[in-house]
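Asker: Next comes the structure file my_file.pdb, holding PDB, C-alpha atoms and all ligand atoms.
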ATOM      1  CA  MET Y   1     154.619 128.310 120.659  1.00  0.00           C
ATOM      2  CA  LYS Y   2     154.884 127.839 124.394  1.00  0.00           C
ATOM      3  CA  VAL Y   3     154.754 124.133 125.244  1.00  0.00           C
ATOM      4  CA  ASN Y   4     153.493 122.928 128.605  1.00  0.00           C
ATOM      5  CA  GLU Y   5     152.775 119.326 127.807  1.00  0.00           C
ATOM      6  CA  ALA Y   6     154.951 116.998 125.793  1.00  0.00           C
ATOM      7  CA  GLU Y   7     155.145 113.248 126.172  1.00  0.00           C
ATOM      8  CA  LEU Y   8     156.650 110.248 124.473  1.00  0.00           C
ATOM      9  CA  LEU Y   9     153.745 108.156 123.195  1.00  0.00           C
ATOM     10  CA  ILE Y  10     155.689 105.236 121.800  1.00  0.00           C
ATOM     11  CA  SER Y  11     159.041 104.097 120.490  1.00  0.00           C
ATOM     12  CA  ALA Y  12     157.909 102.250 117.397  1.00  0.00           C
ATOM     13  CA  VAL Y  13     159.625  99.913 115.000  1.00  0.00           C
ATOM     14  CA  ARG Y  14     156.654  98.455 113.120  1.00  0.00           C
ATOM     15  CA  GLN Y  15     153.894 100.275 111.308  1.00  0.00           C
ATOM     16  CA  ASP Y  16     151.152  98.765 113.514  1.00  0.00           C
ATOM     17  CA  GLN Y  17     152.773 100.523 116.499  1.00  0.00           C
ATOM     18  CA  TYR Y  18     152.408 104.050 115.070  1.00  0.00           C
ATOM     19  CA  PRO Y  19     149.937 106.169 117.078  1.00  0.00           C
ATOM     20  CA  LYS Y  20     146.471 106.538 115.621  1.00  0.00           C
ATOM     21  CA  ASN Y  21     145.539 109.870 117.207  1.00  0.00           C
ATOM     22  CA  GLY Y  22     145.299 111.664 113.848  1.00  0.00           C
ATOM     23  CA  LEU Y  23     147.458 114.630 114.913  1.00  0.00           C
ATOM     24  CA  PRO Y  24     149.485 116.422 112.249  1.00  0.00           C
ATOM     25  CA  GLU Y  25     153.041 115.206 112.314  1.00  0.00           C
ATOM     26  CA  ILE Y  26     156.522 116.634 111.753  1.00  0.00           C
ATOM     27  CA  ALA Y  27     159.400 114.190 111.399  1.00  0.00           C
ATOM     28  CA  LEU Y  28     163.062 114.844 112.029  1.00  0.00           C
ATOM     29  CA  ALA Y  29     165.816 113.737 109.689  1.00  0.00           C
ATOM     30  CA  GLY Y  30     169.572 114.082 109.717  1.00  0.00           C
ATOM     31  CA  ARG Y  31     172.794 112.259 110.199  1.00  0.00           C
ATOM     32  CA  SER Y  32     173.638 110.524 113.404  1.00  0.00           C
ATOM     33  CA  ASN Y  33     174.686 112.845 116.243  1.00  0.00           C
ATOM     34  CA  VAL Y  34     173.811 116.044 114.350  1.00  0.00           C
ATOM     35  CA  GLY Y  35     171.327 117.215 116.996  1.00  0.00           C
ATOM     36  CA  LYS Y  36     167.843 115.948 116.040  1.00  0.00           C
ATOM     37  CA  SER Y  37     166.818 114.985 119.575  1.00  0.00           C
ATOM     38  CA  SER Y  38     168.323 118.203 120.964  1.00  0.00           C
ATOM     39  CA  PHE Y  39     166.235 120.172 118.458  1.00  0.00           C
ATOM     40  CA  ILE Y  40     163.048 118.621 119.851  1.00  0.00           C
ATOM     41  CA  ASN Y  41     164.124 119.300 123.432  1.00  0.00           C
ATOM     42  CA  THR Y  42     164.836 122.957 122.645  1.00  0.00           C
ATOM     43  CA  LEU Y  43     161.482 123.468 120.933  1.00  0.00           C
ATOM     44  CA  VAL Y  44     159.552 121.992 123.831  1.00  0.00           C
ATOM     45  CA  THR Y  45     161.862 123.549 126.475  1.00  0.00           C
ATOM     46  CA  ARG Y  46     162.661 120.209 128.107  1.00  0.00           C
ATOM     47  CA  LYS Y  47     166.233 119.158 128.760  1.00  0.00           C
ATOM     48  CA  ASN Y  48     165.763 115.448 128.366  1.00  0.00           C
ATOM     49  CA  LEU Y  49     162.424 114.633 126.791  1.00  0.00           C
ATOM     50  CA  ALA Y  50     164.154 113.191 123.748  1.00  0.00           C
ATOM     51  CA  ARG Y  51     167.243 111.286 124.857  1.00  0.00           C
ATOM     52  CA  THR Y  52     170.483 112.768 123.516  1.00  0.00           C
ATOM     53  CA  SER Y  53     174.066 111.579 123.595  1.00  0.00           C
ATOM     54  CA  GLY Y  54     177.584 112.600 122.695  1.00  0.00           C
ATOM     55  CA  LYS Y  55     177.864 109.224 120.938  1.00  0.00           C
ATOM     56  CA  PRO Y  56     176.170 108.681 117.591  1.00  0.00           C
ATOM     57  CA  GLY Y  57     173.360 106.161 117.221  1.00  0.00           C
ATOM     58  CA  LYS Y  58     171.439 107.096 120.387  1.00  0.00           C
ATOM     59  CA  THR Y  59     168.000 107.089 118.799  1.00  0.00           C
ATOM     60  CA  GLN Y  60     167.193 103.655 117.328  1.00  0.00           C
ATOM     61  CA  THR Y  61     163.436 103.668 116.946  1.00  0.00           C
ATOM     62  CA  LEU Y  62     160.738 106.007 115.657  1.00  0.00           C
ATOM     63  CA  ASN Y  63     159.868 108.012 118.752  1.00  0.00           C
ATOM     64  CA  PHE Y  64     156.473 109.701 118.602  1.00  0.00           C
ATOM     65  CA  TYR Y  65     156.046 112.741 120.860  1.00  0.00           C
ATOM     66  CA  ASP Y  66     152.636 114.268 121.509  1.00  0.00           C
ATOM     67  CA  ILE Y  67     153.053 118.043 121.838  1.00  0.00           C
ATOM     68  CA  GLU Y  68     150.149 119.695 123.665  1.00  0.00           C
ATOM     69  CA  GLY Y  69     147.720 117.376 121.889  1.00  0.00           C
ATOM     70  CA  ARG Y  70     148.266 119.628 118.867  1.00  0.00           C
ATOM     71  CA  LEU Y  71     150.960 117.940 116.844  1.00  0.00           C
ATOM     72  CA  MET Y  72     153.488 115.153 116.964  1.00  0.00           C
ATOM     73  CA  PHE Y  73     157.234 115.227 116.538  1.00  0.00           C
ATOM     74  CA  VAL Y  74     158.724 112.001 115.291  1.00  0.00           C
ATOM     75  CA  ASP Y  75     162.356 111.566 116.273  1.00  0.00           C
ATOM     76  CA  VAL Y  76     164.165 109.127 114.007  1.00  0.00           C
ATOM     77  CA  PRO Y  77     167.490 107.317 114.062  1.00  0.00           C
ATOM     78  CA  GLY Y  78     170.167 109.194 112.155  1.00  0.00           C
ATOM     79  CA  TYR Y  79     172.051 108.011 109.082  1.00  0.00           C
ATOM     80  CA  GLY Y  80     175.733 107.900 108.234  1.00  0.00           C
ATOM     81  CA  TYR Y  81     177.108 106.301 111.387  1.00  0.00           C
ATOM     82  CA  ALA Y  82     180.062 104.245 110.204  1.00  0.00           C
ATOM     83  CA  LYS Y  83     179.822 101.513 112.841  1.00  0.00           C
ATOM     84  CA  VAL Y  84     176.576 100.106 111.505  1.00  0.00           C
ATOM     85  CA  SER Y  85     176.362  96.750 109.755  1.00  0.00           C
ATOM     86  CA  LYS Y  86     174.894  96.293 106.314  1.00  0.00           C
ATOM     87  CA  SER Y  87     171.862  94.473 107.704  1.00  0.00           C
ATOM     88  CA  GLU Y  88     171.238  97.247 110.258  1.00  0.00           C
ATOM     89  CA  ARG Y  89     171.473  99.840 107.511  1.00  0.00           C
ATOM     90  CA  GLU Y  90     168.984  97.894 105.424  1.00  0.00           C
ATOM     91  CA  ALA Y  91     166.598  97.594 108.364  1.00  0.00           C
ATOM     92  CA  TRP Y  92     166.875 101.369 108.844  1.00  0.00           C
ATOM     93  CA  GLY Y  93     166.078 101.905 105.158  1.00  0.00           C
ATOM     94  CA  ARG Y  94     162.976  99.690 105.371  1.00  0.00           C
ATOM     95  CA  MET Y  95     161.782 101.447 108.524  1.00  0.00           C
ATOM     96  CA  MET Y  96     162.146 104.858 106.834  1.00  0.00           C
ATOM     97  CA  GLU Y  97     160.506 103.741 103.606  1.00  0.00           C
ATOM     98  CA  THR Y  98     157.515 102.303 105.479  1.00  0.00           C
ATOM     99  CA  TYR Y  99     157.156 105.411 107.583  1.00  0.00           C
ATOM    100  CA  PHE Y 100     157.548 108.057 104.874  1.00  0.00           C
ATOM    101  CA  SER Y 101     155.383 106.238 102.341  1.00  0.00           C
ATOM    102  CA  SER Y 102     152.476 105.416 104.665  1.00  0.00           C
ATOM    103  CA  ARG Y 103     152.041 108.297 107.078  1.00  0.00           C
ATOM    104  CA  GLU Y 104     149.096 110.361 105.937  1.00  0.00           C
ATOM    105  CA  LYS Y 105     149.309 112.978 108.658  1.00  0.00           C
ATOM    106  CA  LEU Y 106     152.981 113.702 107.983  1.00  0.00           C
ATOM    107  CA  ARG Y 107     153.009 117.395 107.091  1.00  0.00           C
ATOM    108  CA  GLY Y 108     156.713 118.026 106.716  1.00  0.00           C
ATOM    109  CA  VAL Y 109     160.229 117.191 107.754  1.00  0.00           C
ATOM    110  CA  ALA Y 110     162.713 119.188 109.791  1.00  0.00           C
ATOM    111  CA  MET Y 111     165.998 118.125 108.274  1.00  0.00           C
ATOM    112  CA  ILE Y 112     168.865 118.881 110.608  1.00  0.00           C
ATOM    113  CA  VAL Y 113     172.315 119.638 109.211  1.00  0.00           C
ATOM    114  CA  ASP Y 114     175.489 120.870 110.880  1.00  0.00           C
ATOM    115  CA  SER Y 115     175.920 124.598 110.215  1.00  0.00           C
ATOM    116  CA  ARG Y 116     179.707 124.228 110.385  1.00  0.00           C
ATOM    117  CA  HIS Y 117     180.008 121.917 107.394  1.00  0.00           C
ATOM    118  CA  SER Y 118     178.961 121.538 103.828  1.00  0.00           C
ATOM    119  CA  PRO Y 119     176.151 118.953 103.588  1.00  0.00           C
ATOM    120  CA  SER Y 120     177.504 115.448 102.926  1.00  0.00           C
ATOM    121  CA  ALA Y 121     176.525 113.264  99.979  1.00  0.00           C
ATOM    122  CA  LEU Y 122     174.167 111.439 102.368  1.00  0.00           C
ATOM    123  CA  ASP Y 123     172.508 114.730 103.329  1.00  0.00           C
ATOM    124  CA  VAL Y 124     171.978 115.524  99.647  1.00  0.00           C
ATOM    125  CA  GLN Y 125     170.530 112.020  99.113  1.00  0.00           C
ATOM    126  CA  MET Y 126     168.224 112.414 102.088  1.00  0.00           C
ATOM    127  CA  TYR Y 127     166.879 115.720 100.808  1.00  0.00           C
ATOM    128  CA  GLN Y 128     166.210 114.202  97.387  1.00  0.00           C
ATOM    129  CA  TYR Y 129     164.596 111.170  99.006  1.00  0.00           C
ATOM    130  CA  LEU Y 130     162.217 113.394 101.000  1.00  0.00           C
ATOM    131  CA  LYS Y 131     161.314 115.366  97.897  1.00  0.00           C
ATOM    132  CA  GLN Y 132     160.308 112.093  96.181  1.00  0.00           C
ATOM    133  CA  PHE Y 133     157.526 111.932  98.750  1.00  0.00           C
ATOM    134  CA  GLU Y 134     156.724 115.589  97.941  1.00  0.00           C
ATOM    135  CA  LEU Y 135     157.223 116.550 101.556  1.00  0.00           C
ATOM    136  CA  PRO Y 136     157.903 120.159 102.579  1.00  0.00           C
ATOM    137  CA  VAL Y 137     161.359 120.302 104.156  1.00  0.00           C
ATOM    138  CA  LEU Y 138     162.542 122.823 106.729  1.00  0.00           C
ATOM    139  CA  VAL Y 139     166.336 122.745 106.886  1.00  0.00           C
ATOM    140  CA  ILE Y 140     167.722 123.445 110.346  1.00  0.00           C
ATOM    141  CA  ALA Y 141     171.388 124.425 110.316  1.00  0.00           C
ATOM    142  CA  THR Y 142     172.180 123.592 113.915  1.00  0.00           C
ATOM    143  CA  LYS Y 143     175.156 124.116 116.239  1.00  0.00           C
ATOM    144  CA  ALA Y 144     175.256 127.730 115.028  1.00  0.00           C
ATOM    145  CA  ASP Y 145     176.898 128.552 118.362  1.00  0.00           C
ATOM    146  CA  LYS Y 146     180.016 126.896 116.934  1.00  0.00           C
ATOM    147  CA  VAL Y 147     180.242 129.190 113.894  1.00  0.00           C
ATOM    148  CA  THR Y 148     181.465 132.768 114.234  1.00  0.00           C
ATOM    149  CA  LYS Y 149     178.686 135.210 113.603  1.00  0.00           C
ATOM    150  CA  ASN Y 150     180.059 136.821 110.456  1.00  0.00           C
ATOM    151  CA  LYS Y 151     180.546 133.425 108.781  1.00  0.00           C
ATOM    152  CA  ARG Y 152     176.996 132.186 109.363  1.00  0.00           C
ATOM    153  CA  PRO Y 153     175.336 133.739 106.273  1.00  0.00           C
ATOM    154  CA  LYS Y 154     177.999 132.226 104.023  1.00  0.00           C
ATOM    155  CA  HIS Y 155     177.450 128.789 105.537  1.00  0.00           C
ATOM    156  CA  VAL Y 156     173.691 129.058 105.089  1.00  0.00           C
ATOM    157  CA  LYS Y 157     174.140 130.012 101.435  1.00  0.00           C
ATOM    158  CA  ASN Y 158     176.477 127.061 100.896  1.00  0.00           C
ATOM    159  CA  ILE Y 159     174.038 124.617 102.504  1.00  0.00           C
ATOM    160  CA  ARG Y 160     171.154 125.952 100.419  1.00  0.00           C
ATOM    161  CA  GLU Y 161     173.198 125.558  97.233  1.00  0.00           C
ATOM    162  CA  THR Y 162     174.684 122.149  98.030  1.00  0.00           C
ATOM    163  CA  LEU Y 163     171.299 120.658  98.884  1.00  0.00           C
ATOM    164  CA  GLU Y 164     169.775 122.428  95.856  1.00  0.00           C
ATOM    165  CA  LEU Y 165     166.899 123.547  98.037  1.00  0.00           C
ATOM    166  CA  GLU Y 166     163.612 124.154  96.308  1.00  0.00           C
ATOM    167  CA  LYS Y 167     162.334 127.742  96.560  1.00  0.00           C
ATOM    168  CA  ALA Y 168     159.485 126.783  98.878  1.00  0.00           C
ATOM    169  CA  ASP Y 169     161.824 125.124 101.384  1.00  0.00           C
ATOM    170  CA  ASN Y 170     163.307 127.306 104.120  1.00  0.00           C
ATOM    171  CA  ILE Y 171     166.590 127.129 105.953  1.00  0.00           C
ATOM    172  CA  LEU Y 172     167.170 128.477 109.464  1.00  0.00           C
ATOM    173  CA  LEU Y 173     170.189 128.868 111.690  1.00  0.00           C
ATOM    174  CA  PHE Y 174     169.629 127.146 115.004  1.00  0.00           C
ATOM    175  CA  SER Y 175     171.352 126.375 118.274  1.00  0.00           C
ATOM    176  CA  ALA Y 176     170.156 124.045 120.986  1.00  0.00           C
ATOM    177  CA  GLU Y 177     172.857 125.625 123.130  1.00  0.00           C
ATOM    178  CA  THR Y 178     171.666 129.253 122.907  1.00  0.00           C
ATOM    179  CA  GLY Y 179     168.077 128.831 121.697  1.00  0.00           C
ATOM    180  CA  GLN Y 180     168.842 130.796 118.535  1.00  0.00           C
ATOM    181  CA  GLY Y 181     166.208 130.160 115.860  1.00  0.00           C
ATOM    182  CA  LYS Y 182     163.674 128.576 118.193  1.00  0.00           C
ATOM    183  CA  GLU Y 183     160.876 131.059 117.499  1.00  0.00           C
ATOM    184  CA  ASP Y 184     161.459 130.987 113.750  1.00  0.00           C
ATOM    185  CA  ALA Y 185     161.481 127.187 113.787  1.00  0.00           C
ATOM    186  CA  TRP Y 186     158.120 127.149 115.563  1.00  0.00           C
ATOM    187  CA  LYS Y 187     156.699 129.624 113.040  1.00  0.00           C
ATOM    188  CA  ALA Y 188     157.841 127.467 110.135  1.00  0.00           C
ATOM    189  CA  ILE Y 189     156.481 124.300 111.767  1.00  0.00           C
ATOM    190  CA  GLN Y 190     153.129 125.920 112.497  1.00  0.00           C
ATOM    191  CA  ALA Y 191     152.928 126.987 108.859  1.00  0.00           C
ATOM    192  CA  MET Y 192     153.584 123.368 107.804  1.00  0.00           C
ATOM    193  CA  ILE Y 193     150.907 121.865 110.056  1.00  0.00           C
ATOM    194  CA  GLY Y 194     148.428 124.564 108.954  1.00  0.00           C
TER     195      GLY Y 194
HETATM  196  P1  LIG T   1     171.257 110.240 117.088  1.00  0.00           P
HETATM  197  O1  LIG T   1     170.065 109.989 117.943  1.00  0.00           O
HETATM  198  O2  LIG T   1     172.454 109.449 117.490  1.00  0.00           O
HETATM  199  O3  LIG T   1     170.974 110.154 115.628  1.00  0.00           O
HETATM  200  O4  LIG T   1     171.748 111.768 117.361  1.00  0.00           O
HETATM  201  P2  LIG T   1     170.896 113.126 117.353  1.00  0.00           P
HETATM  202  O5  LIG T   1     170.877 113.704 115.980  1.00  0.00           O
HETATM  203  O6  LIG T   1     169.577 112.952 118.023  1.00  0.00           O
HETATM  204  O7  LIG T   1     171.840 114.099 118.218  1.00  0.00           O
HETATM  205  P3  LIG T   1     171.669 114.576 119.741  1.00  0.00           P
HETATM  206  O8  LIG T   1     170.526 115.523 119.861  1.00  0.00           O
HETATM  207  O9  LIG T   1     171.684 113.383 120.625  1.00  0.00           O
HETATM  208  O10 LIG T   1     173.000 115.469 119.915  1.00  0.00           O
HETATM  209  C1  LIG T   1     174.284 114.953 119.693  1.00  0.00           C
HETATM  210  C2  LIG T   1     175.324 115.797 120.399  1.00  0.00           C
HETATM  211  O11 LIG T   1     175.369 117.117 119.859  1.00  0.00           O
HETATM  212  C3  LIG T   1     175.049 115.969 121.894  1.00  0.00           C
HETATM  213  O12 LIG T   1     176.277 115.910 122.576  1.00  0.00           O
HETATM  214  C4  LIG T   1     174.435 117.365 121.986  1.00  0.00           C
HETATM  215  O13 LIG T   1     174.642 117.995 123.215  1.00  0.00           O
HETATM  216  C5  LIG T   1     175.187 118.099 120.867  1.00  0.00           C
HETATM  217  N1  LIG T   1     174.397 119.225 120.311  1.00  0.00           N
HETATM  218  C6  LIG T   1     173.160 119.156 119.782  1.00  0.00           C
HETATM  219  N2  LIG T   1     172.725 120.368 119.346  1.00  0.00           N
HETATM  220  C7  LIG T   1     173.731 121.240 119.620  1.00  0.00           C
HETATM  221  C8  LIG T   1     173.890 122.670 119.421  1.00  0.00           C
HETATM  222  O14 LIG T   1     173.041 123.389 118.885  1.00  0.00           O
HETATM  223  N3  LIG T   1     175.095 123.200 119.806  1.00  0.00           N
HETATM  224  C9  LIG T   1     176.083 122.455 120.378  1.00  0.00           C
HETATM  225  N4  LIG T   1     177.200 123.077 120.708  1.00  0.00           N
HETATM  226  N5  LIG T   1     175.955 121.122 120.598  1.00  0.00           N
HETATM  227  C10 LIG T   1     174.791 120.523 120.231  1.00  0.00           C
HETATM  228 MG    MG T   2     168.633 111.256 118.626  1.00  0.00          MG
END
Would you kindly transcribe this structure into structure tokens?
Ligand code: GTP
Ligand code: MG
Answerer:
Amino acid sequence: MKVNEAELLISAVRQDQYPKNGLPEIALAGRSNVGKSSFINTLVTRKNLARTSGKPGKTQTLNFYDIEGRLMFVDVPGYGYAKVSKSEREAWGRMMETYFSSREKLRGVAMIVDSRHSPSALDVQMYQYLKQFELPVLVIATKADKVTKNKRPKHVKNIRETLELEKADNILLFSAETGQGKEDAWKAIQAMIG
């Protein structure tokens, strides 16, 4: 999909701040600093629509992006950043629970993992958590530019097995650096929004 118009509608914390435009929605998920915001920027071909950072914990709110008036991407704060207090972690958990349990137009989740590494215990937990809500999950193995080409299939297989991906859930290699996987990601997202 070629995107001409993409805009941040709101950075929300509370449920009453979520947009009410009724567009189908795709949320991001993944550990802090893995590349969730960069994924959005690559898909919409904008360098800095979603703010990114070399430091973890950049995204702190639920950021709703209207894409061409056709769908919304919801960028979320990542998990697993060590320098987060217990109360902050609990607030994050409540924000996620409210969002995932209440959002009727949520059609699926793009879960971003690092293609270089085996998914962490938190990644496995996140996948299971999303499946509790019976959400379709598209796994994006990002930073593929950092893995030598001949090792990529092995890494994908390992991620699929470690997460115990359901048959219906796809996994794609991706790179925000080279644009690898962008077209396939759009295809998968369009299939999810129907
Ligand atoms: P939080 O908002 O903190 O949860 O992070 P995030 O998951 O949104 O990550 P973000 O998109 O801000 O990217 C984190 C860092 O990884 C930045 O320095 C990006 O430039 C880098 N990065 C993201 N995607 C890629 C990629 O595909 N390849 C490479 N080489 N670097 C990437
Ligand atoms: Mg971010």
Asker: Out of Y:Lys182, Y:Lys151, Y:Lys55, Y:Arg116, which residue has the shortest atom-to-atom distance to ligand MG 2 (chain T) when counting all atoms listed in the file?
Answerer: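 Counting all atoms listed in the file, the residue closest to ligand MG 2 (chain T) is Y:Lys55.
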Asker: Any idea what's packed within 9 Å of stretch 96-99 of chain Y, counting all atoms listed in the file, ignoring anything in its chain fewer than 3 positions away? Could you give it as a ChimeraX atom specification?
Answerer: /Y:14-15,18,62,76,91-93,102-103
Asker: For this file, the PyMOL selection byres (((chain Y and resi 189) around 10) and not hetatm) selects which residues, as a list of chain:residue names?
Answerer: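 Applying the PyMOL selection byres (((chain Y and resi 189) around 10) and not hetatm) to the structure shown produces Y:Met1, Y:Glu25, Y:Ile26, Y:Leu71, Y:Arg107, Y:Gly108, Y:Val109, Y:Ala110, Y:Val137, Y:Leu138, Y:Glu183, Y:Asp184, Y:Ala185, Y:Trp186, Y:Lys187, Y:Ala188, Y:Gln190, Y:Ala191, Y:Met192, Y:Ile193, Y:Gly194.
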Asker: Might you spell out which residues the PyMOL selection byres (((not hetatm)) within 12 of (chain T and resi 2)) would select in the displayed file, as a short mmCIF file (atom, residue, chain, number, x, y, z; two decimals) with C-alpha atoms, in the frame of the given file?
Answerer:
data_model
loop_
_atom_site.label_atom_id
_atom_site.label_comp_id
_atom_site.auth_asym_id
_atom_site.auth_seq_id
_atom_site.Cartn_x
_atom_site.Cartn_y
_atom_site.Cartn_z
CA LEU Y 28 163.06 114.84 112.03
CA ALA Y 29 165.82 113.74 109.69
CA GLY Y 30 169.57 114.08 109.72
CA ARG Y 31 172.79 112.26 110.20
CA SER Y 32 173.64 110.52 113.40
CA ASN Y 33 174.69 112.84 116.24
CA VAL Y 34 173.81 116.04 114.35
CA GLY Y 35 171.33 117.22 117.00
CA LYS Y 36 167.84 115.95 116.04
CA SER Y 37 166.82 114.98 119.58
CA SER Y 38 168.32 118.20 120.96
CA PHE Y 39 166.24 120.17 118.46
CA ILE Y 40 163.05 118.62 119.85
CA ASN Y 41 164.12 119.30 123.43
CA ASN Y 48 165.76 115.45 128.37
CA LEU Y 49 162.42 114.63 126.79
CA ALA Y 50 164.15 113.19 123.75
CA ARG Y 51 167.24 111.29 124.86
CA THR Y 52 170.48 112.77 123.52
CA SER Y 53 174.07 111.58 123.60
CA GLY Y 54 177.58 112.60 122.70
CA LYS Y 55 177.86 109.22 120.94
CA PRO Y 56 176.17 108.68 117.59
CA GLY Y 57 173.36 106.16 117.22
CA LYS Y 58 171.44 107.10 120.39
CA THR Y 59 168.00 107.09 118.80
CA GLN Y 60 167.19 103.66 117.33
CA THR Y 61 163.44 103.67 116.95
CA LEU Y 62 160.74 106.01 115.66
CA ASN Y 63 159.87 108.01 118.75
CA VAL Y 74 158.72 112.00 115.29
CA ASP Y 75 162.36 111.57 116.27
CA VAL Y 76 164.16 109.13 114.01
CA PRO Y 77 167.49 107.32 114.06
CA GLY Y 78 170.17 109.19 112.16
CA TYR Y 79 172.05 108.01 109.08
CA ILE Y 112 168.86 118.88 110.61
#
Asker: Could you please determine the separation between atom O8 of ligand LIG 1 (chain T) and atom CA of Y:Asn170 in Å, to one decimal place?
Answerer: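 Separating atom O8 of ligand LIG 1 (chain T) from atom CA of Y:Asn170 is a distance of 20.9 Å.
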Asker: Can you work out the spacing between atom C1 of ligand LIG 1 (chain T) and atom CA of Y:Glu177 in Å, to one decimal?
Answerer: 11.3 Å
Asker: In Å, how far is it from atom CA of Y:His117 to atom CA of Y:Thr178?
Answerer: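 Going from atom CA of Y:His117 over to atom CA of Y:Thr178 covers 19.1 Å.
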Asker: Report, as JSON, the axis-aligned box around all atoms of ligand LIG 1 (chain T) present in the file, extended by 6 Å on each side; give centre and edge lengths in Å to one decimal place.
Answerer:
{"center_x": 173.4, "center_y": 116.4, "center_z": 119.4, "size_x": 19.6, "size_y": 25.9, "size_z": 19.6}
Asker: Output the residue selection produced by the PyMOL selection byres (((chain Y and resi 7) around 10) and not hetatm) on the file above, formatted as a PyMOL selection string.
Answerer: chain Y and resi 5-6+8-10+49-50+64-69+72
Asker: Which residue, Y:Ser120, Y:Ser87, Y:Thr148, Y:Thr42, has the smallest gap to ligand LIG 1 (chain T) when you use only C-alpha atoms and all ligand atoms?
Answerer: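 Ranking Y:Ser120, Y:Ser87, Y:Thr148, Y:Thr42 by distance to ligand LIG 1 (chain T), first place goes to Y:Thr42.
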Asker: Please determine, counting only C-alpha atoms, which residue among Y:Glu104, Y:Asp169, Y:Asp123, Y:Asp114 has the shortest atom-to-atom distance to Y:Lys20.
Answerer: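 With only C-alpha atoms as the atom set, the closest residue is Y:Glu104.
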Asker: Let me make sure I understand: among Y:Val147, Y:Ile171, Y:Val3, Y:Leu122, which one has the smallest atom-to-atom distance to ligand LIG 1 (chain T) if we use all atoms listed in the file?
Answerer: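 Of Y:Val147, Y:Ile171, Y:Val3, Y:Leu122, the one nearest ligand LIG 1 (chain T), counting all atoms listed in the file, is Y:Val147.
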Asker: Would you mind telling me which residue in Y:Ala176, Y:Val44, Y:Leu130, Y:Val13 lies nearest to Y:Arg94 when using only C-alpha atoms?
Answerer: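 The closest residue to Y:Arg94 is Y:Val13.
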Asker: Could N, CA and C atoms be built for stretch 65-76 of chain Y and written out as a compact mmCIF listing (two decimals), keeping the file's coordinate frame?
Answerer:
# COMPACT_ATOMS: atom_id res chain seq x y z
N TYR Y 65 156.31 111.85 119.74
CA TYR Y 65 156.05 112.74 120.86
C TYR Y 65 154.77 113.53 120.60
N ASP Y 66 153.86 113.47 121.56
CA ASP Y 66 152.64 114.27 121.51
C ASP Y 66 152.96 115.62 122.13
N ILE Y 67 152.77 116.69 121.36
CA ILE Y 67 153.05 118.04 121.84
C ILE Y 67 151.73 118.77 122.05
N GLU Y 68 151.36 118.94 123.29
CA GLU Y 68 150.15 119.70 123.66
C GLU Y 68 148.87 119.14 123.04
N GLY Y 69 148.89 117.90 122.59
CA GLY Y 69 147.72 117.38 121.89
C GLY Y 69 147.45 118.09 120.57
N ARG Y 70 148.47 118.84 120.09
CA ARG Y 70 148.27 119.63 118.87
C ARG Y 70 149.04 119.10 117.67
N LEU Y 71 150.17 118.50 117.93
CA LEU Y 71 150.96 117.94 116.84
C LEU Y 71 151.86 116.85 117.41
N MET Y 72 152.49 116.12 116.52
CA MET Y 72 153.49 115.15 116.96
C MET Y 72 154.82 115.44 116.29
N PHE Y 73 155.88 115.28 117.08
CA PHE Y 73 157.23 115.23 116.54
C PHE Y 73 157.63 113.76 116.49
N VAL Y 74 158.24 113.37 115.39
CA VAL Y 74 158.72 112.00 115.29
C VAL Y 74 160.24 112.03 115.17
N ASP Y 75 160.89 111.62 116.25
CA ASP Y 75 162.36 111.57 116.27
C ASP Y 75 162.77 110.25 115.61
N VAL Y 76 163.77 110.32 114.78
CA VAL Y 76 164.16 109.13 114.01
C VAL Y 76 165.65 108.84 114.20
